[in-house]
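Next up, final-v9.cif (mmCIF, C-alpha atoms):
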```cif
data_upload
loop_
_atom_site.label_atom_id
_atom_site.label_comp_id
_atom_site.auth_asym_id
_atom_site.auth_seq_id
_atom_site.Cartn_x
_atom_site.Cartn_y
_atom_site.Cartn_z
CA MET A 1 61.21 87.31 93.32
CA ASN A 2 63.50 85.29 95.59
CA ILE A 3 67.05 86.46 94.89
CA THR A 4 69.68 85.42 97.44
CA LEU A 5 72.82 87.23 98.56
CA ARG A 6 74.86 84.23 97.46
CA GLN A 7 73.53 84.57 93.94
CA LEU A 8 74.38 88.27 93.91
CA ARG A 9 77.92 87.59 95.20
CA TYR A 10 78.49 84.96 92.53
CA PHE A 11 77.05 87.21 89.84
CA LEU A 12 79.30 90.15 90.84
CA ALA A 13 82.34 87.87 90.82
CA LEU A 14 81.37 86.70 87.33
CA ALA A 15 80.80 90.27 86.16
CA GLN A 16 84.25 91.27 87.43
CA GLN A 17 86.17 88.24 86.19
CA ALA A 18 84.25 87.82 82.90
CA HIS A 19 85.01 84.11 83.11
CA PHE A 20 83.17 81.28 84.90
CA THR A 21 86.30 79.40 85.98
CA ARG A 22 88.06 82.49 87.36
CA ALA A 23 84.89 83.64 89.13
CA ALA A 24 84.51 80.21 90.72
CA GLU A 25 88.12 80.34 91.93
CA VAL A 26 87.56 83.78 93.47
CA MET A 27 84.49 82.52 95.31
CA ASN A 28 86.18 79.24 96.29
CA VAL A 29 83.48 77.08 94.70
CA THR A 30 83.35 74.72 91.75
CA GLN A 31 82.44 76.05 88.34
CA PRO A 32 79.24 73.90 88.15
CA ALA A 33 78.12 75.28 91.50
CA LEU A 34 78.62 78.86 90.33
CA SER A 35 76.93 78.17 86.98
CA MET A 36 73.92 76.67 88.77
CA GLN A 37 73.51 79.79 90.93
CA ILE A 38 73.76 82.07 87.88
CA ARG A 39 71.11 80.03 86.05
CA ALA A 40 68.85 80.19 89.10
CA LEU A 41 69.36 83.96 89.25
CA GLU A 42 68.46 84.30 85.56
CA GLU A 43 65.28 82.30 86.20
CA GLU A 44 64.34 84.61 89.07
CA VAL A 45 65.01 87.72 86.96
CA GLY A 46 63.26 86.23 83.96
CA ALA A 47 65.97 87.23 81.50
CA PRO A 48 69.47 86.17 80.47
CA LEU A 49 72.12 88.11 82.41
CA VAL A 50 75.26 87.00 80.59
CA GLU A 51 76.31 85.98 77.11
CA ARG A 52 78.62 82.98 77.08
CA THR A 53 81.28 83.39 74.37
CA ALA A 54 84.42 81.46 73.50
CA ALA A 55 86.52 84.28 74.96
CA GLY A 56 84.58 84.57 78.21
CA VAL A 57 81.43 86.22 79.50
CA LEU A 58 79.68 89.44 78.51
CA LEU A 59 76.86 91.08 80.45
CA THR A 60 73.51 91.58 78.73
CA PRO A 61 71.68 94.90 79.20
CA GLN A 62 69.69 93.22 81.98
CA GLY A 63 72.95 91.98 83.46
CA ARG A 64 74.44 95.46 83.51
CA ALA A 65 71.34 96.82 85.24
CA LEU A 66 71.44 94.04 87.83
CA GLU A 67 75.15 94.62 88.45
CA ALA A 68 74.45 98.21 89.52
CA TYR A 69 71.64 97.12 91.87
CA ALA A 70 73.73 94.23 93.22
CA ARG A 71 76.57 96.54 94.15
CA GLN A 72 74.18 98.76 96.07
CA VAL A 73 72.79 95.74 97.92
CA MET A 74 76.25 94.40 98.80
CA ALA A 75 77.39 97.83 99.99
CA ALA A 76 74.33 98.05 102.22
CA MET A 77 74.96 94.55 103.58
CA ALA A 78 78.60 95.42 104.24
CA GLY A 79 77.45 98.45 106.22
CA LEU A 80 75.03 96.26 108.18
CA GLU A 81 77.72 93.68 108.96
CA GLN A 82 80.14 96.39 109.96
CA GLY A 83 77.61 98.01 112.26
CA MET A 84 76.81 94.68 113.93
CA ARG A 85 80.51 93.93 114.47
CA GLN A 86 81.23 97.39 115.85
CA PRO A 87 84.85 97.21 114.66
CA GLY A 88 87.54 99.07 116.50
CA ARG A 89 85.96 99.16 119.95
CA GLY A 90 86.09 95.64 121.30
CA GLY A 91 84.41 94.12 118.23
CA ARG A 92 85.94 92.15 115.41
CA LEU A 93 88.07 94.21 113.04
CA MET A 94 88.73 92.69 109.62
CA LEU A 95 91.98 94.29 108.42
CA GLY A 96 93.69 93.60 105.11
CA MET A 97 97.33 94.47 104.45
CA ILE A 98 99.72 93.97 101.54
CA PRO A 99 102.73 91.65 102.11
CA THR A 100 105.31 94.41 101.64
CA VAL A 101 103.82 96.34 104.58
CA ALA A 102 102.33 93.79 107.01
CA PRO A 103 105.49 92.15 108.47
CA TYR A 104 107.13 95.53 109.10
CA LEU A 105 104.21 97.66 110.30
CA LEU A 106 102.17 95.21 112.37
CA PRO A 107 104.76 94.34 115.06
CA GLU A 108 104.98 98.05 115.89
CA ALA A 109 101.28 98.85 115.55
CA LEU A 110 99.60 95.81 117.07
CA PRO A 111 100.49 96.38 120.75
CA VAL A 112 99.16 99.93 120.51
CA LEU A 113 95.98 98.82 118.75
CA ARG A 114 95.28 96.29 121.49
CA ALA A 115 96.08 98.73 124.27
CA GLN A 116 93.61 101.20 122.76
CA ASP A 117 91.01 98.45 122.30
CA ILE A 118 91.03 99.07 118.55
CA GLY A 119 92.39 95.65 117.64
CA ARG A 120 91.48 93.40 120.54
CA ASP A 121 89.75 91.02 118.13
CA LEU A 122 91.82 91.66 115.02
CA HIS A 123 91.61 89.38 112.02
CA LEU A 124 94.37 90.04 109.48
CA ARG A 125 94.16 89.19 105.79
CA GLU A 126 97.52 89.46 104.04
CA ALA A 127 97.18 89.50 100.25
CA GLN A 128 98.03 91.49 97.14
CA THR A 129 96.19 94.71 96.41
CA ASP A 130 93.69 93.37 93.85
CA ARG A 131 92.47 90.66 96.21
CA LEU A 132 92.20 93.05 99.17
CA VAL A 133 90.20 95.54 97.12
CA GLU A 134 87.85 92.80 95.97
CA GLU A 135 87.25 91.55 99.52
CA LEU A 136 86.84 95.10 100.81
CA ILE A 137 84.11 95.86 98.25
CA GLN A 138 82.42 92.55 99.03
CA GLY A 139 82.33 93.42 102.74
CA ARG A 140 84.69 90.66 103.84
CA LEU A 141 87.16 93.30 105.07
CA ASP A 142 86.51 96.51 107.01
CA VAL A 143 89.67 98.34 105.86
CA ALA A 144 92.87 97.55 103.99
CA VAL A 145 96.39 98.99 104.02
CA VAL A 146 97.72 99.30 100.48
CA ALA A 147 100.29 101.30 98.55
CA THR A 148 98.31 101.82 95.35
CA ALA A 149 94.98 103.62 95.44
CA PRO A 150 92.55 102.05 92.93
CA GLU A 151 90.35 104.45 91.01
CA SER A 152 86.90 103.47 92.21
CA PRO A 153 83.95 105.55 93.40
CA ASP A 154 83.18 102.72 95.83
CA LEU A 155 86.40 103.30 97.80
CA ALA A 156 88.00 106.10 99.81
CA ALA A 157 91.63 106.36 100.93
CA THR A 158 93.31 108.00 103.91
CA PRO A 159 97.07 108.67 103.51
CA LEU A 160 99.14 107.17 106.34
CA PHE A 161 102.79 107.92 105.51
CA ALA A 162 105.30 108.22 102.67
CA ASP A 163 107.72 105.30 102.43
CA ARG A 164 110.78 106.21 100.38
CA PHE A 165 112.63 103.68 98.23
CA LEU A 166 116.29 102.83 98.90
CA LEU A 167 118.63 101.06 96.51
CA ALA A 168 119.79 97.81 98.13
CA GLY A 169 122.54 95.38 97.19
CA SER A 170 125.64 93.71 98.54
CA ALA A 171 128.23 95.81 100.36
CA GLU A 172 130.54 95.45 97.37
CA GLN A 173 127.90 96.55 94.87
CA ILE A 174 126.86 99.56 96.94
CA ALA A 175 130.52 100.50 97.52
CA ARG A 176 131.08 100.55 93.75
CA ILE A 177 128.15 102.93 93.42
CA GLY A 178 129.69 105.01 96.20
CA ALA A 179 128.73 108.63 96.59
CA ARG A 180 127.53 108.80 93.00
CA ARG A 181 123.94 108.12 94.13
CA PRO A 182 122.48 107.26 90.73
CA GLU A 183 119.11 108.41 89.54
CA PRO A 184 116.63 105.51 89.34
CA ARG A 185 116.45 105.90 85.57
CA ASP A 186 120.24 105.45 85.33
CA LEU A 187 120.14 101.92 86.75
CA ASP A 188 120.95 98.93 84.56
CA PRO A 189 117.65 97.03 84.15
CA GLY A 190 119.65 93.82 83.88
CA GLN A 191 120.66 94.23 87.53
CA LEU A 192 117.17 94.74 88.95
CA LEU A 193 115.58 92.05 91.11
CA LEU A 194 111.79 92.27 91.11
CA LEU A 195 108.80 90.78 92.84
CA ASP A 196 106.27 88.64 90.98
CA GLU A 197 103.67 90.34 88.83
CA GLY A 198 100.75 91.43 90.96
CA HIS A 199 102.94 92.86 93.71
CA CYS A 200 102.53 96.62 93.51
CA LEU A 201 106.07 97.16 94.86
CA GLY A 202 107.62 95.58 91.76
CA ASP A 203 105.47 97.68 89.45
CA GLN A 204 106.27 100.85 91.42
CA ALA A 205 110.00 100.13 91.22
CA LEU A 206 109.76 99.76 87.45
CA GLU A 207 107.68 102.93 87.17
CA VAL A 208 110.25 105.12 88.89
CA CYS A 209 112.90 103.67 86.58
CA GLY A 210 110.77 104.25 83.50
CA LEU A 211 110.86 100.52 82.71
CA THR A 212 108.45 97.69 81.97
CA ARG A 213 108.57 94.04 82.95
CA ARG A 214 110.05 93.26 79.58
CA GLY A 215 112.78 95.84 80.09
CA ALA A 216 113.95 94.33 83.38
CA ARG A 217 116.02 91.35 82.25
CA LEU A 218 116.86 89.90 85.66
CA ASP A 219 113.29 89.29 86.79
CA LEU A 220 113.53 86.29 89.12
CA GLY A 221 109.86 86.45 90.01
CA ALA A 222 110.45 86.39 93.76
CA ALA A 223 107.33 86.05 95.88
CA SER A 224 108.58 88.04 98.87
CA LEU A 225 110.66 91.08 99.65
CA SER A 226 112.74 89.02 102.08
CA THR A 227 113.80 86.70 99.24
CA LEU A 228 114.85 89.67 97.12
CA CYS A 229 116.90 91.13 99.97
CA ARG A 230 118.76 87.88 100.56
CA LEU A 231 119.57 87.58 96.87
CA ALA A 232 120.70 91.20 96.76
CA ALA A 233 122.87 90.72 99.86
CA GLN A 234 124.64 87.86 98.06
CA GLY A 235 125.47 90.06 95.09
CA MET A 236 122.83 88.65 92.73
CA GLY A 237 121.61 92.11 91.76
CA LEU A 238 120.04 95.30 93.06
CA THR A 239 116.54 95.87 94.40
CA PHE A 240 114.32 98.66 95.63
CA LEU A 241 113.86 98.42 99.39
CA PRO A 242 111.14 100.43 101.15
CA GLN A 243 112.53 102.27 104.16
CA LEU A 244 109.76 100.64 106.20
CA ALA A 245 111.44 97.25 105.67
CA LEU A 246 115.05 98.37 106.13
CA ARG A 247 115.48 97.53 109.82
CA GLN A 248 114.10 94.00 109.61
CA GLU A 249 115.64 93.03 106.29
CA ARG A 250 119.11 94.30 107.14
CA ALA A 251 118.98 92.35 110.43
CA ALA A 252 117.96 89.20 108.54
CA ALA A 253 120.56 89.69 105.77
CA PRO A 254 123.67 91.27 107.39
CA GLY A 255 125.41 91.61 104.03
CA LEU A 256 122.74 93.96 102.73
CA SER A 257 123.74 97.58 102.12
CA VAL A 258 121.68 100.51 100.91
CA VAL A 259 122.16 103.90 99.31
CA VAL A 260 119.72 106.80 99.24
CA PHE A 261 118.56 108.17 95.90
CA PRO A 262 119.05 111.90 95.25
CA ASP A 263 116.15 114.28 95.64
CA PRO A 264 113.38 114.08 94.70
CA GLN A 265 113.56 110.65 96.29
CA PRO A 266 111.17 108.05 94.89
CA ALA A 267 108.60 106.86 97.41
CA ARG A 268 105.32 105.04 97.73
CA GLU A 269 102.36 106.37 99.69
CA VAL A 270 100.91 103.90 102.18
CA LEU A 271 97.14 104.30 102.45
CA LEU A 272 94.25 103.07 104.58
CA LEU A 273 91.49 102.06 102.20
CA ARG A 274 87.81 101.82 103.14
CA ARG A 275 84.50 101.63 101.36
CA ALA A 276 83.08 105.04 100.50
CA SER A 277 79.95 104.04 102.41
CA THR A 278 81.96 103.56 105.63
CA PRO A 279 81.62 106.73 107.75
CA ALA A 280 84.87 108.50 108.58
CA GLY A 281 85.75 109.42 112.14
CA GLY A 282 85.63 107.44 115.37
CA TRP A 283 87.50 104.13 115.34
CA LEU A 284 88.57 104.66 111.74
CA ASP A 285 90.45 107.88 112.53
CA ASP A 286 92.01 106.24 115.60
CA LEU A 287 93.17 103.30 113.51
CA ALA A 288 94.65 105.57 110.81
CA ALA A 289 96.51 107.66 113.41
CA THR A 290 97.91 104.57 115.13
CA LEU A 291 99.12 103.02 111.86
CA ALA A 292 100.62 106.32 110.69
CA GLN A 293 102.54 106.83 113.92
CA ALA A 294 103.74 103.22 113.91
CA GLY A 295 105.03 103.62 110.37
CA GLU A 296 106.94 106.76 111.26
CA ARG A 297 108.50 105.02 114.28
CA VAL A 298 109.62 102.04 112.22
CA MET A 299 111.24 104.24 109.59
CA ALA A 300 112.90 106.45 112.20
CA GLY A 301 114.47 103.38 113.81
#
```

Show me this structure written as structure tokens.
Amino acid sequence: MNITLRQLRYFLALAQQAHFTRAAEVMNVTQPALSMQIRALEEEVGAPLVERTAAGVLLTPQGRALEAYARQVMAAMAGLEQGMRQPGRGGRLMLGMIPTVAPYLLPEALPVLRAQDIGRDLHLREAQTDRLVEELIQGRLDVAVVATAPESPDLAATPLFADRFLLAGSAEQIARIGARRPEPRDLDPGQLLLLDEGHCLGDQALEVCGLTRRGARLDLGAASLSTLCRLAAQGMGLTFLPQLALRQERAAAPGLSVVVFPDPQPAREVLLLRRASTPAGGWLDDLAATLAQAGERVMAG
């Protein structure tokens, strides 16, 4: 049996996406190229692995069995690649980070990482949580900084710091709110500015308000926190601003004002995510400590 790692990667992408076109997009190949590899894999296995339906793709019993073995193989390969790179001590470190953390945490953390030889050859991947998790499991990342811990036995999370949410708007809007300090659930959903779907920050903001996307009427679908802050500073609405981003965003949008929510203050927990097969300790603990301390310094400033 001559099964290749490429075939297994394509098959796992197909199993996760349940759709040939979406799986091809994830793997950055054409759909015919992915289909050809899946057919070749089925020939090697000697059995159909997927059922092609009008709605998408379903795994056959043989496909489900192969998926479990394929995940074990890819986890082992990820461990091999990681060991050969020796991340964190002069080797290449593949670090993923969500967009609502990276621009605020990295400028503080990177000089320390390089001084400690943890990030001398640092490759950063900035993407939304789902994509980072996918690339982490596939071994294309060593670790990822996220704010939502996925429920997966393949992953382990180390808490870094709590990042509380502030209510941000124009000086006039915040002055009208005054010392009243509203509860998140008392906010008018029609005044909330949100990030695009897929950004965990937007979903977390809605969760603390007890709302859904449909309930937030002023959803402009902004792609970045900086865009939201500039709109809020101009009086276009209110937004949830992580304390981690306060210093930079207020400097970039001088008209932006904030008010603190009453206790218990809503917050997100920033986490360092790794594969469960990645041993704790050593460079990983050093990286977590450096990122945690950098986050605390940014929020204290």

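Separating CA of Arg9 in chain A from CA of Gln62 in chain A is a distance of 16.6 Å.
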
Query raised in the report: Mind pulling up the distance from CA of Asp285 in chain A to CA of Leu246 in chain A?
Result: 27.1 Å

Query - Matched chain/residue IDs from the PyMOL selection byres ((chain A and resi 149-163) around 8), as a PyMOL selection string - result: chain A and resi 137+146-148+164-165+242-244+267-277+288-289+291-292+295-296

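The residue that comes closest to Ala76 in chain A, out of A:Leu5, A:Ala205, A:Leu110, A:Ala40 and on the basis of all atoms listed in the file, is A:Leu5.
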
Query raised in the report: For the file shown, what are the residues hit by the PyMOL selection byres ((chain A and resi 239) around 9), laid out as a PyMOL selection string?
Result: chain A and resi 166-169+191-194+205+228-229+232+237-238+240-241
